[in-house]
>>> print(open('entry_8.txt').read())   # compact mmCIF, C-alpha atoms
# COMPACT_ATOMS: atom_id res chain seq x y z
CA MET A 51 -4.00 29.35 165.02
CA GLY A 52 -4.61 27.23 168.11
CA ASN A 53 -2.23 24.51 169.24
CA SER A 54 -4.64 21.69 168.36
CA THR A 55 -5.21 22.98 164.81
CA PHE A 56 -1.46 23.55 164.36
CA LEU A 57 -0.66 19.99 165.42
CA LEU A 58 -3.30 18.39 163.24
CA LEU A 59 -2.08 20.22 160.15
CA LEU A 60 1.57 19.40 160.73
CA LEU A 61 1.06 15.82 161.82
CA SER A 62 -0.94 15.04 158.71
CA SER A 63 2.16 15.70 156.64
CA LEU A 64 4.80 14.57 159.13
CA PHE A 65 3.73 10.96 159.63
CA ILE A 66 3.14 10.24 155.94
CA PHE A 67 6.41 11.87 154.92
CA SER A 68 8.69 9.46 153.08
CA TYR A 69 11.42 9.55 150.47
CA THR A 70 12.00 7.59 147.29
CA SER A 71 15.30 9.02 146.03
CA THR A 72 18.52 7.04 145.91
CA ALA A 73 21.53 8.23 147.87
CA ILE A 74 23.27 11.29 146.48
CA CYS A 75 26.44 10.78 148.52
CA ASN A 76 27.83 8.30 151.00
CA CYS A 77 31.28 9.44 152.10
CA ASN A 78 31.97 13.17 151.89
CA VAL A 79 31.18 15.43 154.82
CA GLY A 80 29.15 18.49 153.85
CA ILE A 81 26.79 21.16 155.15
CA TYR A 82 23.17 21.17 153.97
CA GLU A 83 20.80 24.09 154.33
CA LEU A 84 17.04 24.05 154.79
CA ARG A 85 15.17 27.34 154.52
CA ARG A 86 11.64 28.65 154.40
CA GLY A 87 10.82 32.26 155.17
CA ASP A 88 12.99 33.50 158.04
CA LEU A 89 13.64 29.99 159.37
CA THR A 90 17.02 28.55 158.32
CA LEU A 91 18.62 25.28 159.43
CA LYS A 92 22.09 23.99 158.67
CA VAL A 93 22.88 20.30 159.14
CA THR A 94 25.98 18.22 158.47
CA ASN A 95 26.01 14.53 157.65
CA TYR A 96 28.81 14.11 160.19
CA GLY A 97 26.83 12.77 163.13
CA ALA A 98 23.57 13.96 161.50
CA THR A 99 24.39 17.10 163.46
CA LEU A 100 22.21 20.21 163.64
CA LEU A 101 24.71 23.05 163.22
CA SER A 102 22.48 26.11 163.41
CA VAL A 103 18.90 27.35 163.60
CA ILE A 104 18.30 30.97 162.62
CA VAL A 105 15.03 32.63 163.60
CA PRO A 106 13.86 36.25 164.11
CA ASP A 107 13.31 38.04 167.41
CA ARG A 108 10.36 40.32 168.20
CA ASN A 109 11.88 43.07 166.00
CA GLY A 110 12.66 40.77 163.10
CA LYS A 111 16.38 40.55 163.91
CA LEU A 112 17.78 37.19 162.87
CA ASP A 113 20.13 35.24 165.08
CA ASP A 114 21.51 31.73 165.43
CA ILE A 115 20.10 30.13 168.59
CA VAL A 116 22.10 26.87 168.53
CA LEU A 117 25.52 26.50 170.17
CA GLY A 118 28.24 24.97 168.04
CA PHE A 119 31.73 25.12 166.62
CA SER A 120 33.20 27.35 163.93
CA SER A 121 34.47 24.45 161.77
CA LEU A 122 33.36 20.91 160.96
CA ASP A 123 36.72 19.48 162.06
CA GLN A 124 36.01 20.55 165.64
CA TYR A 125 32.92 18.33 165.74
CA LYS A 126 35.13 15.28 165.18
CA ASN A 127 36.78 15.75 168.57
CA ASP A 128 33.68 17.01 170.35
CA THR A 129 32.87 15.70 173.83
CA THR A 130 29.82 17.95 174.34
CA TYR A 131 27.77 16.25 171.58
CA PHE A 132 26.89 19.67 170.09
CA GLY A 133 23.77 19.15 167.95
CA GLY A 134 24.45 15.48 167.25
CA ILE A 135 22.05 12.57 166.90
CA VAL A 136 23.19 10.24 169.65
CA GLY A 137 22.66 6.48 169.72
CA ARG A 138 22.33 3.51 169.26
CA VAL A 139 21.26 4.12 172.88
CA ALA A 140 21.30 7.69 174.15
CA ASN A 141 22.10 8.64 177.73
CA ARG A 142 23.75 6.24 180.19
CA ILE A 143 23.92 2.46 180.53
CA SER A 144 25.17 1.35 183.94
CA ASN A 145 28.37 -0.70 184.13
CA ALA A 146 28.56 -0.63 180.32
CA LYS A 147 26.61 -3.86 179.93
CA PHE A 148 23.11 -5.31 179.68
CA THR A 149 21.47 -8.72 179.23
CA LEU A 150 19.10 -9.49 176.37
CA ASN A 151 17.55 -12.90 175.73
CA GLY A 152 20.07 -14.56 178.04
CA THR A 153 23.18 -13.00 176.48
CA VAL A 154 25.31 -10.40 178.27
CA TYR A 155 26.49 -7.60 175.97
CA HIS A 156 29.55 -5.58 176.97
CA LEU A 157 29.85 -2.00 175.72
CA PRO A 158 32.64 0.63 175.72
CA GLN A 159 33.18 2.36 179.06
CA ASN A 160 33.30 6.04 178.11
CA ASP A 161 31.74 7.61 181.21
CA HIS A 162 33.14 6.60 184.61
CA GLY A 163 32.78 2.89 183.92
CA ASN A 164 29.43 3.33 182.18
CA THR A 165 28.38 3.82 178.57
CA LEU A 166 27.23 7.27 177.44
CA HIS A 167 25.39 8.13 174.20
CA GLY A 168 26.11 4.88 172.40
CA GLY A 169 29.79 4.43 173.22
CA ARG A 170 33.08 5.85 172.01
CA ILE A 171 31.95 5.94 168.37
CA GLY A 172 28.21 6.45 168.55
CA PHE A 173 25.83 7.74 165.89
CA SER A 174 27.07 11.31 166.45
CA ASP A 175 30.63 10.25 165.51
CA VAL A 176 30.06 8.67 162.09
CA VAL A 177 29.46 9.94 158.55
CA TRP A 178 25.88 9.46 157.42
CA THR A 179 24.74 8.95 153.83
CA VAL A 180 22.75 11.81 152.31
CA VAL A 181 19.66 10.17 150.83
CA ASP A 182 17.66 13.20 149.75
CA HIS A 183 17.90 16.99 150.09
CA VAL A 184 15.28 19.52 149.01
CA ARG A 185 16.26 22.98 150.30
CA ASP A 186 12.78 24.23 151.18
CA SER A 187 11.52 20.87 152.40
CA HIS A 188 13.76 18.23 153.97
CA LEU A 189 17.08 16.47 154.40
CA THR A 190 17.16 12.69 154.87
CA LEU A 191 20.28 10.92 156.17
CA SER A 192 20.88 7.20 156.65
CA TYR A 193 23.34 4.99 158.50
CA GLU A 194 23.80 1.22 158.59
CA SER A 195 24.79 0.18 162.10
CA TYR A 196 26.55 -3.18 161.92
CA ASP A 197 26.18 -6.18 164.23
CA GLY A 198 28.49 -5.53 167.19
CA ASP A 199 28.61 -1.76 166.60
CA GLN A 200 29.90 -0.48 169.96
CA GLY A 201 28.98 -3.87 171.40
CA PHE A 202 25.27 -3.73 170.53
CA PRO A 203 23.66 -6.79 168.93
CA GLY A 204 22.32 -6.97 165.40
CA GLU A 205 22.32 -4.86 162.27
CA VAL A 206 20.13 -1.76 162.28
CA SER A 207 19.08 0.50 159.39
CA VAL A 208 18.74 4.07 160.63
CA THR A 209 17.38 7.25 159.04
CA VAL A 210 17.07 10.80 160.31
CA THR A 211 14.99 13.38 158.46
CA TYR A 212 15.02 17.10 159.18
CA ILE A 213 11.78 18.57 157.84
CA ILE A 214 10.84 22.23 157.39
CA MET A 215 7.14 22.22 158.23
CA ASP A 216 6.35 25.90 157.65
CA LYS A 217 7.94 29.32 158.17
CA ASN A 218 8.34 28.89 161.92
CA SER A 219 8.46 25.16 162.62
CA PHE A 220 10.54 22.12 161.82
CA ALA A 221 10.62 18.45 162.79
CA VAL A 222 13.25 15.80 163.40
CA LYS A 223 12.14 12.28 162.53
CA MET A 224 14.35 9.40 163.71
CA GLN A 225 13.62 5.89 162.47
CA ALA A 226 15.45 2.60 162.96
CA THR A 227 14.72 -1.01 162.01
CA PRO A 228 16.65 -4.02 163.37
CA ILE A 229 17.50 -6.30 160.45
CA ASN A 230 18.32 -9.66 162.02
CA MET A 231 17.76 -9.62 165.79
CA ALA A 232 16.29 -7.66 168.69
CA THR A 233 18.34 -4.75 170.05
CA PRO A 234 17.88 -1.68 172.24
CA ILE A 235 17.34 1.61 170.41
CA ASN A 236 16.98 5.02 172.03
CA MET A 237 18.08 7.91 169.80
CA ALA A 238 18.15 11.57 170.84
CA SER A 239 18.92 14.99 169.40
CA HIS A 240 21.58 16.65 171.57
CA THR A 241 21.09 20.28 170.54
CA TYR A 242 22.08 23.13 172.87
CA TRP A 243 19.71 26.13 172.73
CA ASN A 244 20.05 29.75 173.75
CA LEU A 245 17.05 31.70 172.50
CA GLY A 246 18.82 35.02 173.03
CA GLY A 247 21.45 33.97 170.50
CA HIS A 248 24.14 31.33 170.79
CA ARG A 249 26.69 33.74 172.31
CA SER A 250 24.39 35.81 174.51
CA GLY A 251 25.56 34.46 177.88
CA ASN A 252 23.89 32.13 180.35
CA ILE A 253 20.34 30.84 180.12
CA PHE A 254 19.20 31.70 183.68
CA SER A 255 16.67 34.31 182.50
CA HIS A 256 14.92 31.91 180.12
CA THR A 257 11.44 30.97 181.26
CA LEU A 258 10.79 27.24 181.05
CA GLN A 259 7.68 25.13 181.31
CA LEU A 260 7.77 21.32 181.25
CA PHE A 261 4.65 19.19 181.10
CA ALA A 262 6.12 16.59 183.40
CA SER A 263 5.07 15.69 186.94
CA ALA A 264 7.89 13.28 187.79
CA ILE A 265 11.60 12.64 187.32
CA THR A 266 13.88 9.61 187.39
CA PRO A 267 16.37 10.65 190.11
CA THR A 268 20.04 9.77 189.76
CA ASN A 269 23.06 8.89 191.87
CA ASP A 270 26.41 10.72 191.90
CA ASN A 271 27.31 9.22 188.49
CA LEU A 272 24.06 10.49 186.94
CA LEU A 273 22.66 6.96 186.70
CA PRO A 274 18.98 6.44 187.53
CA THR A 275 18.28 4.91 190.92
CA GLY A 276 15.25 3.16 189.43
CA GLU A 277 12.78 5.37 191.25
CA ILE A 278 10.16 7.60 189.67
CA LEU A 279 9.51 10.53 191.99
CA PRO A 280 7.07 13.46 191.82
CA VAL A 281 8.51 16.95 191.30
CA ASP A 282 6.17 18.53 193.88
CA ASN A 283 7.91 21.01 196.17
CA THR A 284 11.32 20.54 194.52
CA ALA A 285 13.61 22.62 192.31
CA TYR A 286 12.65 20.27 189.46
CA ASP A 287 9.06 21.45 189.24
CA PHE A 288 8.60 23.41 186.00
CA ARG A 289 4.93 22.60 185.52
CA GLN A 290 4.23 26.32 185.81
CA PRO A 291 6.51 28.65 183.81
CA ARG A 292 9.45 30.05 185.77
CA THR A 293 12.99 31.12 185.03
CA ILE A 294 15.65 28.43 184.82
CA GLY A 295 17.79 30.30 187.32
CA SER A 296 15.08 30.82 189.93
CA LYS A 297 15.90 27.67 191.95
CA PHE A 298 19.31 26.92 190.52
CA ASN A 299 20.98 27.15 193.92
CA GLU A 300 18.75 24.31 195.12
CA THR A 301 20.39 21.90 192.64
CA SER A 302 23.81 20.31 193.09
CA ASP A 303 25.28 21.93 189.97
CA GLY A 304 22.49 22.70 187.57
CA TYR A 305 19.97 20.45 185.86
CA ASP A 306 20.81 17.13 184.20
CA ILE A 307 17.79 14.91 184.77
CA ASN A 308 15.20 12.87 182.89
CA TYR A 309 11.61 14.05 183.23
CA VAL A 310 8.64 11.72 182.86
CA ILE A 311 6.36 13.45 180.38
CA ASP A 312 2.67 13.64 181.27
CA VAL A 313 1.00 11.49 178.63
CA PRO A 314 -2.81 11.38 178.24
CA LEU A 315 -4.31 7.90 178.38
CA ASN A 316 -5.95 8.39 174.98
CA ARG A 317 -2.86 9.76 173.24
CA LYS A 318 -2.96 9.26 169.48
CA HIS A 319 -0.37 11.76 168.33
CA LEU A 320 2.46 13.84 169.72
CA VAL A 321 2.18 15.44 173.15
CA LYS A 322 3.52 18.79 174.20
CA VAL A 323 6.75 18.41 176.14
CA GLY A 324 7.45 22.02 177.06
CA ALA A 325 8.17 25.59 176.07
CA ALA A 326 11.00 28.04 176.68
CA ARG A 327 11.10 31.82 176.22
CA GLU A 328 13.93 34.36 176.41
CA PRO A 329 12.78 37.81 177.60
CA SER A 330 15.08 40.20 175.70
CA SER A 331 14.41 38.75 172.25
CA ALA A 332 10.94 37.42 173.13
CA ARG A 333 11.82 34.28 171.20
CA LYS A 334 9.77 31.28 172.27
CA MET A 335 10.39 27.64 171.43
CA GLU A 336 7.69 24.97 171.87
CA LEU A 337 8.41 21.25 171.65
CA TRP A 338 6.22 18.21 170.98
CA SER A 339 7.30 14.57 170.86
CA ASN A 340 6.14 10.94 171.03
CA GLN A 341 8.74 9.84 173.62
CA PRO A 342 8.09 9.11 177.31
CA GLY A 343 10.96 11.20 178.69
CA VAL A 344 12.95 14.39 178.17
CA GLN A 345 16.43 15.12 179.50
CA PHE A 346 16.72 18.70 180.71
CA TYR A 347 20.40 19.68 180.78
CA THR A 348 21.83 23.13 181.50
CA ALA A 349 25.33 22.68 180.05
CA ASN A 350 26.89 22.20 183.46
CA MET A 351 30.18 20.89 182.06
CA MET A 352 31.06 23.38 179.32
CA ASN A 353 34.21 24.52 181.13
CA GLU A 354 34.98 27.44 178.80
CA ILE A 355 34.75 25.87 175.36
CA LYS A 356 36.68 27.97 172.85
CA GLY A 357 36.31 27.92 169.09
CA GLY A 358 32.59 28.47 169.08
CA LYS A 359 30.74 30.02 166.15
CA ASN A 360 31.65 33.66 165.46
CA GLY A 361 34.52 33.40 167.94
CA ALA A 362 32.24 32.53 170.85
CA VAL A 363 33.60 31.14 174.10
CA TYR A 364 30.96 29.03 175.82
CA GLU A 365 30.98 29.03 179.62
CA ASN A 366 28.98 26.70 181.83
CA TYR A 367 25.21 27.25 181.50
CA ALA A 368 25.57 28.92 178.07
CA GLY A 369 22.79 26.76 176.67
CA PHE A 370 20.19 24.17 177.56
CA CYS A 371 19.15 20.84 176.06
CA LEU A 372 15.68 19.31 175.88
CA GLU A 373 16.41 15.79 174.66
CA THR A 374 13.27 13.73 174.23
CA GLN A 375 14.10 10.08 174.80
CA GLY A 376 13.36 6.79 176.46
CA PHE A 377 14.37 6.63 180.11
CA PRO A 378 18.13 6.32 180.84
CA ASP A 379 19.47 2.83 181.59
CA SER A 380 16.16 1.24 180.66
CA VAL A 381 18.03 -1.87 179.49
CA ASN A 382 18.91 -2.51 183.15
CA ARG A 383 15.70 -1.19 184.72
CA PRO A 384 12.75 -3.51 184.01
CA ASN A 385 10.33 -1.05 185.64
CA PHE A 386 11.18 1.57 182.97
CA PRO A 387 9.56 1.54 179.50
CA SER A 388 11.39 -0.99 177.33
CA GLN A 389 13.73 0.18 174.56
CA ILE A 390 14.04 -3.25 172.96
CA VAL A 391 12.99 -3.26 169.30
CA ASN A 392 12.41 -6.66 167.72
CA ARG A 393 13.67 -7.73 164.32
CA GLY A 394 11.67 -6.08 161.55
CA ASP A 395 9.83 -3.69 163.87
CA GLU A 396 10.31 0.06 163.53
CA TYR A 397 11.58 2.48 166.13
CA LEU A 398 10.09 5.94 165.57
CA HIS A 399 11.04 9.12 167.41
CA VAL A 400 9.57 12.46 166.35
CA MET A 401 10.39 15.94 167.66
CA LEU A 402 8.42 18.97 166.49
CA TYR A 403 9.61 22.53 167.20
CA ARG A 404 7.70 25.78 166.77
CA PHE A 405 9.26 29.26 167.13
CA THR A 406 7.50 32.56 167.75
CA ALA A 407 8.53 35.99 169.03
CA SER A 408 6.07 38.37 170.67
>>> encode(input="entry_8.txt", output="structure tokens")
Amino acid sequence: MGNSTFLLLLLSSLFIFSYTSTAICNCNVGIYELRRGDLTLKVTNYGATLLSVIVPDRNGKLDDIVLGFSSLDQYKNDTTYFGGIVGRVANRISNAKFTLNGTVYHLPQNDHGNTLHGGRIGFSDVVWTVVDHVRDSHLTLSYESYDGDQGFPGEVSVTVTYIIMDKNSFAVKMQATPINMATPINMASHTYWNLGGHRSGNIFSHTLQLFASAITPTNDNLLPTGEILPVDNTAYDFRQPRTIGSKFNETSDGYDINYVIDVPLNRKHLVKVGAAREPSSARKMELWSNQPGVQFYTANMMNEIKGGKNGAVYENYAGFCLETQGFPDSVNRPNFPSQIVNRGDEYLHVMLYRFTAS
């Protein structure tokens, strides 16, 4: 099946997907499984966190390709954001403040005087309500973000739905609606991938392709400078497939940068963000989204995390993240695409993954 046919079939169901059930829990933390064929996902309603994704390799051997902890309690003290849905505003906000409609909003300083991933208690640090769970279909979670939540203005109703699309693909659908006033919204899925298996070592041998011709460069505190620069003739150019490690020594300490996704002028649906492949297992992951940016991060600050799944110890570069998103610090960069969502309007962020092995 070609990529265009695949997308049309999946999008027809993805964008009309909705739920009508009432909440089946609102306080207890649990683990919820989604399965179809050889594809299995496990998600917890703590932080709407993706705990594991199990897929086969070229020989049919199943393995978990998502980094994570061995117990749910460890996620409550997690500073790596393993698998969490981060927000209200993902990535960094400079000086932990922004101005909206003439009012200055002050946020928690949890990253060198700046705000990272929504503040000290962001969306990845709260218990979500389980709205609906059908094991071979979907899991829908909701959260009511109150006015002043981590300093952000207005009440926001948020839902995240994990959807099994077929035997080798799934989607993450993030929606949010401001109830009483405009507010910035920029959610992201912070999953760490290693297609060789979550405890198979570093990700240098993975081949990566990103359909992005520019980046938003950063300063020493990983804040955007406000520029948008082409990747030509730099270590950031992944427009043609190459191994992640091939130009690693040309970076300061690995990759942690927002890419500007190449978006066709006549875009009506999702666009392909990129693809990664691990040579030993031949597992390949493709990603589509409707967001303008993607943060490519190579787990540069793992610093020997113990207590991983199956006794794993995760060293630096043990996984990589592809976090589709709005541009970092957009609330303070008027030349970046706006993340302000007005009262009653809907924020929609869709990620679609497909896995193969050949």
>>> axis_aligned_box(input="entry_8.txt", around="segment 202-217 of chain A", padding_each_side="6 Å", output="JSON")
{"center_x": 15.8, "center_y": 11.2, "center_z": 164.0, "size_x": 30.9, "size_y": 48.3, "size_z": 25.1}
>>> residues_around(input="entry_8.txt", residues="Phe288 of chain A", least_positions_apart="5", cutoff="8 Å", atoms="only C-alpha atoms", output="compact mmCIF listing (two decimals) with C-alpha atoms, in the frame of the given file")
# COMPACT_ATOMS: atom_id res chain seq x y z
CA LEU A 258 10.79 27.24 181.05
CA GLN A 259 7.68 25.13 181.31
CA LEU A 260 7.77 21.32 181.25
CA PHE A 261 4.65 19.19 181.10
CA ALA A 262 6.12 16.59 183.40
>>> closest_residue(input="entry_8.txt", among="A:Asn308, A:Thr301, A:Thr190, A:Asn340", to="Phe377 of chain A", atoms="all atoms listed in the file")
A:Asn308
>>> atom_distance(input="entry_8.txt", atom1="atom CA of Val363 of chain A", atom2="atom CA of Arg249 of chain A")
7.6 Å
>>> closest_residue(input="entry_8.txt", among="A:Pro203, A:Pro387, A:Gly118, A:Gly163", to="Asn360 of chain A", atoms="all atoms listed in the file")
A:Gly118
>>> residues_around(input="entry_8.txt", residues="Asn164 of chain A", least_positions_apart="2", cutoff="8 Å", atoms="all atoms listed in the file", output="ChimeraX atom specification")
/A:142-146,158-162,166
>>> residues_around(input="entry_8.txt", residues="Arg317 of chain A", least_positions_apart="5", cutoff="12 Å", atoms="all atoms listed in the file", output="PDB file with C-alpha atoms, in the frame of the given file")
ATOM      1  CA  ASP A 312       2.670  13.640 181.270  1.00  0.00           C
ATOM      2  CA  LYS A 322       3.520  18.790 174.200  1.00  0.00           C
ATOM      3  CA  SER A 339       7.300  14.570 170.860  1.00  0.00           C
ATOM      4  CA  ASN A 340       6.140  10.940 171.030  1.00  0.00           C
ATOM      5  CA  GLN A 341       8.740   9.840 173.620  1.00  0.00           C
ATOM      6  CA  PRO A 342       8.090   9.110 177.310  1.00  0.00           C
TER       7      PRO A 342
END
>>> residues_around(input="entry_8.txt", residues="segment 95-98 of chain A", least_positions_apart="5", cutoff="8 Å", atoms="only C-alpha atoms", output="number ranges by chain")
A: 79-81, 134-136, 173-180, 191, 210
>>> atom_distance(input="entry_8.txt", atom1="atom CA of Phe220 of chain A", atom2="atom CA of Thr374 of chain A")
15.2 Å
>>> closest_residue(input="entry_8.txt", among="A:Ser331, A:Thr257, A:Asn230, A:Asn283", to="Asp395 of chain A", atoms="all atoms listed in the file")
A:Asn230
>>> atom_distance(input="entry_8.txt", atom1="atom CA of Ile355 of chain A", atom2="atom CA of Thr94 of chain A")
20.5 Å
>>> closest_residue(input="entry_8.txt", among="A:Leu372, A:Gln290, A:Gly357, A:Leu157", to="Asp123 of chain A", atoms="all atoms listed in the file")
A:Gly357
>>> closest_residue(input="entry_8.txt", among="A:Ala332, A:Ile213, A:Leu100, A:Val139", to="His256 of chain A", atoms="only C-alpha atoms")
A:Ala332
>>> closest_residue(input="entry_8.txt", among="A:Thr348, A:Ser330, A:Ser263, A:Asn236", to="Tyr305 of chain A", atoms="only C-alpha atoms")
A:Thr348
>>> closest_atom_pairs(input="entry_8.txt", of="segment 172-283 of chain A", to="segment 84-87 of chain A", cutoff="9 Å", atoms="all atoms listed in the file", output="CSV")
residue,atom,partner,partner_atom,distance
A:His183,CA,A:Leu84,CA,8.5
A:Val184,CA,A:Leu84,CA,7.6
A:Arg185,CA,A:Leu84,CA,4.7
A:Asp186,CA,A:Arg85,CA,5.2
A:Ser187,CA,A:Leu84,CA,6.8
A:His188,CA,A:Leu84,CA,6.7
A:Leu189,CA,A:Leu84,CA,7.6
A:Tyr212,CA,A:Leu84,CA,8.5
A:Ile213,CA,A:Leu84,CA,8.2
A:Ile214,CA,A:Leu84,CA,7.0
A:Met215,CA,A:Arg86,CA,8.7
A:Asp216,CA,A:Arg86,CA,6.8
A:Lys217,CA,A:Gly87,CA,5.1
A:Asn218,CA,A:Gly87,CA,7.9
>>> write_last_selection(input="entry_8.txt", atoms="C-alpha atoms", output="PDB file, in the coordinates of the input")
ATOM      1  CA  HIS A 183      17.900  16.990 150.090  1.00  0.00           C
ATOM      2  CA  VAL A 184      15.280  19.520 149.010  1.00  0.00           C
ATOM      3  CA  ARG A 185      16.260  22.980 150.300  1.00  0.00           C
ATOM      4  CA  ASP A 186      12.780  24.230 151.180  1.00  0.00           C
ATOM      5  CA  SER A 187      11.520  20.870 152.400  1.00  0.00           C
ATOM      6  CA  HIS A 188      13.760  18.230 153.970  1.00  0.00           C
ATOM      7  CA  LEU A 189      17.080  16.470 154.400  1.00  0.00           C
ATOM      8  CA  TYR A 212      15.020  17.100 159.180  1.00  0.00           C
ATOM      9  CA  ILE A 213      11.780  18.570 157.840  1.00  0.00           C
ATOM     10  CA  ILE A 214      10.840  22.230 157.390  1.00  0.00           C
ATOM     11  CA  MET A 215       7.140  22.220 158.230  1.00  0.00           C
ATOM     12  CA  ASP A 216       6.350  25.900 157.650  1.00  0.00           C
ATOM     13  CA  LYS A 217       7.940  29.320 158.170  1.00  0.00           C
ATOM     14  CA  ASN A 218       8.340  28.890 161.920  1.00  0.00           C
TER      15      ASN A 218
END
>>> residues_near_point(input="entry_8.txt", point="(21.5, -12.3, 177.0)", cutoff="12 Å", atoms="all atoms listed in the file", output="ChimeraX atom specification")
/A:147-156,202-203,232-233,381-382
>>> residues_around(input="entry_8.txt", residues="Val105 of chain A", least_positions_apart="3", cutoff="7 Å", atoms="only C-alpha atoms", output="ChimeraX atom specification")
/A:88-90,112-114
